[in-house]
Amino acid sequence: MRRIGAWLSWYAGLLVLWLLFAGTEQEVEVIAGLCAAAIGATAAEVVRSQGLLRFRVEGRWVGRSVLALGRVVPDFVLLLRVLPQRPRGSFRTLEFPTGGERGIDAGRRAAATFAPSLAPNRLVIDLGEDGALVHDLVPGAASEELL
């Protein structure tokens with residue numbers, strides 16, 4: 001029963017993503033989304049059942065991801081303002097402890113990669129022992145913290 005629930009969760013999430021990215025409700029796109037979501041959910045469940053997809057996400061990380069969505073519009077306006085000047089982006093290394101092999105550690109690394117990259121000014125490139133390598137298109141406009 002747990003596998004069916006997990007498969008249905010993956011299926012619903014992937015279908016919603018497909019429909020959001022497609023941006024239309026045409027019958028062909030909906031059918032393609034249903035098929036793609038079924039394939040993706042099956043693949044995710046196979047990987048999860050083999051123990052290769054172990055992570056746990058805490059609610060506060062989800063909250064910070066939602067807050068990061070609030071940076072999308074201000075960053076977009078900032079980029080529209082500075083792009084005619086052709087700014088030179090910068091790579092920086094931010095402190096971020098990446099250690100641990102537990103599911104919670106993997107979830108923290110996933111959240112630290114995903115959430116800051118939602119806004120258009122920052123992209124998390126890599127998480128390593130030295131910290132997090134990020135690229136800021138407009139240096140100094142983004143937060144010094146990942147999570």
# chains A, B, ... in the order shown; residues from 1 in each chain; ligands from 1
>>> closest_atom_pairs(of="stretch 34-91 of chain A", to="stretch 13-24 of chain A", cutoff="9 Å", atoms="only C-alpha atoms", output="CSV")
residue,atom,partner,partner_atom,distance
A:Leu34,CA,A:Leu15,CA,6.3
A:Cys35,CA,A:Leu15,CA,8.9
A:Ala36,CA,A:Leu15,CA,7.7
A:Ala37,CA,A:Leu14,CA,5.1
A:Ala38,CA,A:Leu15,CA,8.4
A:Gly40,CA,A:Leu14,CA,7.2
A:Ala41,CA,A:Leu14,CA,7.4
>>> write_last_selection(atoms="N, CA, C and O atoms", output="mmCIF file, in the first residue's frame")
data_model
loop_
_atom_site.group_PDB
_atom_site.id
_atom_site.type_symbol
_atom_site.label_atom_id
_atom_site.label_comp_id
_atom_site.auth_asym_id
_atom_site.auth_seq_id
_atom_site.Cartn_x
_atom_site.Cartn_y
_atom_site.Cartn_z
ATOM 1 N N LEU A 34 -0.120 12.929 -18.856
ATOM 2 C CA LEU A 34 -0.513 11.714 -18.136
ATOM 3 C C LEU A 34 0.496 10.593 -18.371
ATOM 4 O O LEU A 34 0.888 9.890 -17.434
ATOM 5 N N CYS A 35 0.920 10.435 -19.624
ATOM 6 C CA CYS A 35 1.896 9.384 -19.948
ATOM 7 C C CYS A 35 3.269 9.682 -19.333
ATOM 8 O O CYS A 35 3.893 8.794 -18.745
ATOM 9 N N ALA A 36 3.715 10.922 -19.480
ATOM 10 C CA ALA A 36 5.023 11.287 -18.932
ATOM 11 C C ALA A 36 5.037 11.163 -17.412
ATOM 12 O O ALA A 36 6.030 10.701 -16.822
ATOM 13 N N ALA A 37 3.947 11.552 -16.760
ATOM 14 C CA ALA A 37 3.874 11.439 -15.300
ATOM 15 C C ALA A 37 3.894 9.983 -14.861
ATOM 16 O O ALA A 37 4.520 9.634 -13.852
ATOM 17 N N ALA A 38 3.233 9.109 -15.617
ATOM 18 C CA ALA A 38 3.241 7.677 -15.282
ATOM 19 C C ALA A 38 4.643 7.100 -15.412
ATOM 20 O O ALA A 38 5.100 6.343 -14.543
ATOM 21 N N GLY A 40 7.518 8.818 -15.277
ATOM 22 C CA GLY A 40 8.344 9.426 -14.237
ATOM 23 C C GLY A 40 8.057 8.861 -12.857
ATOM 24 O O GLY A 40 8.976 8.611 -12.071
ATOM 25 N N ALA A 41 6.781 8.645 -12.542
ATOM 26 C CA ALA A 41 6.415 8.096 -11.243
ATOM 27 C C ALA A 41 6.924 6.669 -11.090
ATOM 28 O O ALA A 41 7.402 6.278 -10.015
#
>>> closest_atom_pairs(of="stretch 79-108 of chain A", to="stretch 112-129 of chain A", cutoff="10 Å", atoms="only C-alpha atoms", output="tab-separated table")
residue	atom	partner	partner_atom	distance
A:Leu79	CA	A:Asn121	CA	7.3
A:Gly89	CA	A:Asn121	CA	9.2
A:Ser90	CA	A:Arg122	CA	9.9
A:Phe91	CA	A:Ile125	CA	9.1
A:Arg92	CA	A:Val124	CA	9.8
A:Thr93	CA	A:Leu127	CA	9.3
A:Leu94	CA	A:Leu127	CA	9.5
A:Glu95	CA	A:Glu129	CA	9.5
A:Phe96	CA	A:Leu127	CA	7.9
A:Pro97	CA	A:Glu129	CA	7.3
A:Thr98	CA	A:Glu129	CA	6.5
A:Gly99	CA	A:Glu129	CA	7.6
A:Ala106	CA	A:Ala112	CA	9.9
A:Gly107	CA	A:Ala112	CA	8.5
A:Arg108	CA	A:Ala112	CA	6.0
>>> select_by_dssp(residues="stretch 8-144 of chain A", states="alpha helix (DSSP H)", output="PyMOL selection string")
chain A and resi 8-22+27-49+59-69+72-82+103-114
>>> write_last_selection(atoms="C-alpha atoms", output="PDB file, in the first residue's frame")
ATOM      1  CA  LEU A   8       0.412   8.271  -6.720  1.00  0.00           C
ATOM      2  CA  SER A   9       2.218  11.145  -4.989  1.00  0.00           C
ATOM      3  CA  TRP A  10       4.940  11.182  -7.630  1.00  0.00           C
ATOM      4  CA  TYR A  11       2.328  10.862 -10.364  1.00  0.00           C
ATOM      5  CA  ALA A  12       0.249  13.801  -9.116  1.00  0.00           C
ATOM      6  CA  GLY A  13       3.278  16.033  -8.589  1.00  0.00           C
ATOM      7  CA  LEU A  14       4.779  15.262 -11.977  1.00  0.00           C
ATOM      8  CA  LEU A  15       1.463  15.744 -13.756  1.00  0.00           C
ATOM      9  CA  VAL A  16       0.973  19.147 -12.129  1.00  0.00           C
ATOM     10  CA  LEU A  17       4.518  20.141 -13.137  1.00  0.00           C
ATOM     11  CA  TRP A  18       3.896  19.008 -16.709  1.00  0.00           C
ATOM     12  CA  LEU A  19       0.705  21.020 -16.967  1.00  0.00           C
ATOM     13  CA  LEU A  20       2.354  24.096 -15.451  1.00  0.00           C
ATOM     14  CA  PHE A  21       5.287  23.902 -17.851  1.00  0.00           C
ATOM     15  CA  ALA A  22       3.089  23.168 -20.863  1.00  0.00           C
ATOM     16  CA  GLU A  27      -6.136  17.391 -24.992  1.00  0.00           C
ATOM     17  CA  VAL A  28      -2.870  16.297 -26.613  1.00  0.00           C
ATOM     18  CA  GLU A  29      -0.793  18.000 -23.905  1.00  0.00           C
ATOM     19  CA  VAL A  30      -2.897  16.517 -21.114  1.00  0.00           C
ATOM     20  CA  ILE A  31      -2.542  13.005 -22.573  1.00  0.00           C
ATOM     21  CA  ALA A  32       1.208  13.509 -23.013  1.00  0.00           C
ATOM     22  CA  GLY A  33       1.392  14.739 -19.420  1.00  0.00           C
ATOM     23  CA  LEU A  34      -0.513  11.714 -18.136  1.00  0.00           C
ATOM     24  CA  CYS A  35       1.896   9.384 -19.948  1.00  0.00           C
ATOM     25  CA  ALA A  36       5.023  11.287 -18.932  1.00  0.00           C
ATOM     26  CA  ALA A  37       3.874  11.439 -15.300  1.00  0.00           C
ATOM     27  CA  ALA A  38       3.241   7.677 -15.282  1.00  0.00           C
ATOM     28  CA  ILE A  39       6.720   6.986 -16.672  1.00  0.00           C
ATOM     29  CA  GLY A  40       8.344   9.426 -14.237  1.00  0.00           C
ATOM     30  CA  ALA A  41       6.415   8.096 -11.243  1.00  0.00           C
ATOM     31  CA  THR A  42       7.354   4.522 -12.114  1.00  0.00           C
ATOM     32  CA  ALA A  43      11.029   5.459 -12.481  1.00  0.00           C
ATOM     33  CA  ALA A  44      10.998   7.378  -9.193  1.00  0.00           C
ATOM     34  CA  GLU A  45       9.339   4.509  -7.372  1.00  0.00           C
ATOM     35  CA  VAL A  46      11.861   1.996  -8.761  1.00  0.00           C
ATOM     36  CA  VAL A  47      14.738   4.205  -7.583  1.00  0.00           C
ATOM     37  CA  ARG A  48      13.069   4.770  -4.196  1.00  0.00           C
ATOM     38  CA  SER A  49      12.352   1.072  -3.660  1.00  0.00           C
ATOM     39  CA  GLY A  59       9.109  22.058   7.105  1.00  0.00           C
ATOM     40  CA  ARG A  60      11.291  25.111   7.696  1.00  0.00           C
ATOM     41  CA  TRP A  61      13.178  24.379   4.451  1.00  0.00           C
ATOM     42  CA  VAL A  62       9.894  24.252   2.566  1.00  0.00           C
ATOM     43  CA  GLY A  63       8.998  27.568   4.184  1.00  0.00           C
ATOM     44  CA  ARG A  64      12.245  29.102   3.034  1.00  0.00           C
ATOM     45  CA  SER A  65      11.622  27.786  -0.460  1.00  0.00           C
ATOM     46  CA  VAL A  66       8.273  29.571  -0.449  1.00  0.00           C
ATOM     47  CA  LEU A  67      10.024  32.736   0.746  1.00  0.00           C
ATOM     48  CA  ALA A  68      12.512  32.317  -2.101  1.00  0.00           C
ATOM     49  CA  LEU A  69       9.576  32.417  -4.509  1.00  0.00           C
ATOM     50  CA  VAL A  72      11.377  36.010  -8.193  1.00  0.00           C
ATOM     51  CA  VAL A  73       9.607  39.248  -9.129  1.00  0.00           C
ATOM     52  CA  PRO A  74      12.027  41.659  -7.369  1.00  0.00           C
ATOM     53  CA  ASP A  75      15.021  39.859  -8.893  1.00  0.00           C
ATOM     54  CA  PHE A  76      13.370  39.915 -12.310  1.00  0.00           C
ATOM     55  CA  VAL A  77      12.848  43.684 -12.037  1.00  0.00           C
ATOM     56  CA  LEU A  78      16.446  44.098 -10.861  1.00  0.00           C
ATOM     57  CA  LEU A  79      17.723  42.113 -13.835  1.00  0.00           C
ATOM     58  CA  LEU A  80      15.585  44.088 -16.281  1.00  0.00           C
ATOM     59  CA  ARG A  81      17.116  47.256 -14.864  1.00  0.00           C
ATOM     60  CA  VAL A  82      20.767  46.156 -15.022  1.00  0.00           C
ATOM     61  CA  GLY A 103      18.391  11.274   4.687  1.00  0.00           C
ATOM     62  CA  ILE A 104      18.017  14.595   6.498  1.00  0.00           C
ATOM     63  CA  ASP A 105      21.468  15.699   5.272  1.00  0.00           C
ATOM     64  CA  ALA A 106      20.604  14.828   1.680  1.00  0.00           C
ATOM     65  CA  GLY A 107      17.326  16.745   2.025  1.00  0.00           C
ATOM     66  CA  ARG A 108      19.148  19.795   3.390  1.00  0.00           C
ATOM     67  CA  ARG A 109      21.576  19.747   0.462  1.00  0.00           C
ATOM     68  CA  ALA A 110      18.693  19.409  -2.017  1.00  0.00           C
ATOM     69  CA  ALA A 111      16.807  22.307  -0.432  1.00  0.00           C
ATOM     70  CA  ALA A 112      19.966  24.448  -0.371  1.00  0.00           C
ATOM     71  CA  THR A 113      20.429  23.840  -4.086  1.00  0.00           C
ATOM     72  CA  PHE A 114      16.801  24.258  -5.126  1.00  0.00           C
TER      73      PHE A 114
END
>>> closest_residue(among="A:Glu101, A:Gln26, A:Arg71, A:Val134", to="A:Arg54", atoms="only C-alpha atoms")
A:Glu101
>>> atom_distance(atom1="atom CA of A:Pro84", atom2="atom CA of A:Asp136")
16.5 Å
>>> atom_distance(atom1="atom CA of A:Glu145", atom2="atom CA of A:Glu58")
17.1 Å
>>> closest_residue(among="A:Ala6, A:Leu146, A:Val57, A:Leu83", to="A:Gly131", atoms="only C-alpha atoms")
A:Leu146
>>> atom_distance(atom1="atom CA of A:Leu137", atom2="atom CA of A:Arg86")
9.7 Å
>>> closest_residue(among="A:Met1, A:Leu52, A:Leu133, A:Glu25", to="A:Arg102", atoms="only C-alpha atoms")
A:Leu52
>>> select_by_dssp(residues="stretch 4-127 of chain A", states="strand (DSSP E)", output="list of chain:residue names")
A:Ser90, A:Phe91, A:Arg92, A:Thr93, A:Leu94, A:Arg122, A:Leu123, A:Val124, A:Ile125, A:Asp126, A:Leu127
>>> write_last_selection(atoms="C-alpha atoms", output="tab-separated table (two decimals), in the first residue's frame")
chain	number	residue	atom	x	y	z
A	90	SER	CA	30.42	36.70	-10.03
A	91	PHE	CA	31.12	33.29	-8.61
A	92	ARG	CA	31.35	33.09	-4.84
A	93	THR	CA	31.74	30.41	-2.24
A	94	LEU	CA	29.31	30.63	0.64
A	122	ARG	CA	21.31	33.38	-8.15
A	123	LEU	CA	22.20	29.88	-9.27
A	124	VAL	CA	23.72	27.30	-6.95
A	125	ILE	CA	26.41	25.55	-8.98
A	126	ASP	CA	27.92	23.04	-6.56
A	127	LEU	CA	27.94	21.96	-2.95
>>> decode(residues="stretch 12-71 of chain A", atoms="C-alpha atoms", output="compact mmCIF listing (two decimals), in the first residue's frame")
# COMPACT_ATOMS: atom_id res chain seq x y z
CA ALA A 12 0.25 13.80 -9.12
CA GLY A 13 3.28 16.03 -8.59
CA LEU A 14 4.78 15.26 -11.98
CA LEU A 15 1.46 15.74 -13.76
CA VAL A 16 0.97 19.15 -12.13
CA LEU A 17 4.52 20.14 -13.14
CA TRP A 18 3.90 19.01 -16.71
CA LEU A 19 0.71 21.02 -16.97
CA LEU A 20 2.35 24.10 -15.45
CA PHE A 21 5.29 23.90 -17.85
CA ALA A 22 3.09 23.17 -20.86
CA GLY A 23 0.91 26.16 -20.05
CA THR A 24 -2.07 24.76 -21.90
CA GLU A 25 -4.94 22.36 -21.32
CA GLN A 26 -5.15 21.03 -24.85
CA GLU A 27 -6.14 17.39 -24.99
CA VAL A 28 -2.87 16.30 -26.61
CA GLU A 29 -0.79 18.00 -23.90
CA VAL A 30 -2.90 16.52 -21.11
CA ILE A 31 -2.54 13.01 -22.57
CA ALA A 32 1.21 13.51 -23.01
CA GLY A 33 1.39 14.74 -19.42
CA LEU A 34 -0.51 11.71 -18.14
CA CYS A 35 1.90 9.38 -19.95
CA ALA A 36 5.02 11.29 -18.93
CA ALA A 37 3.87 11.44 -15.30
CA ALA A 38 3.24 7.68 -15.28
CA ILE A 39 6.72 6.99 -16.67
CA GLY A 40 8.34 9.43 -14.24
CA ALA A 41 6.41 8.10 -11.24
CA THR A 42 7.35 4.52 -12.11
CA ALA A 43 11.03 5.46 -12.48
CA ALA A 44 11.00 7.38 -9.19
CA GLU A 45 9.34 4.51 -7.37
CA VAL A 46 11.86 2.00 -8.76
CA VAL A 47 14.74 4.20 -7.58
CA ARG A 48 13.07 4.77 -4.20
CA SER A 49 12.35 1.07 -3.66
CA GLN A 50 16.04 0.29 -4.21
CA GLY A 51 16.99 2.69 -1.44
CA LEU A 52 18.70 5.14 -3.77
CA LEU A 53 16.33 8.02 -3.07
CA ARG A 54 16.74 8.64 0.62
CA PHE A 55 16.07 12.13 1.79
CA ARG A 56 13.92 13.90 4.31
CA VAL A 57 12.86 17.52 4.14
CA GLU A 58 12.01 19.65 7.14
CA GLY A 59 9.11 22.06 7.10
CA ARG A 60 11.29 25.11 7.70
CA TRP A 61 13.18 24.38 4.45
CA VAL A 62 9.89 24.25 2.57
CA GLY A 63 9.00 27.57 4.18
CA ARG A 64 12.24 29.10 3.03
CA SER A 65 11.62 27.79 -0.46
CA VAL A 66 8.27 29.57 -0.45
CA LEU A 67 10.02 32.74 0.75
CA ALA A 68 12.51 32.32 -2.10
CA LEU A 69 9.58 32.42 -4.51
CA GLY A 70 8.93 35.91 -3.18
CA ARG A 71 12.31 36.94 -4.62
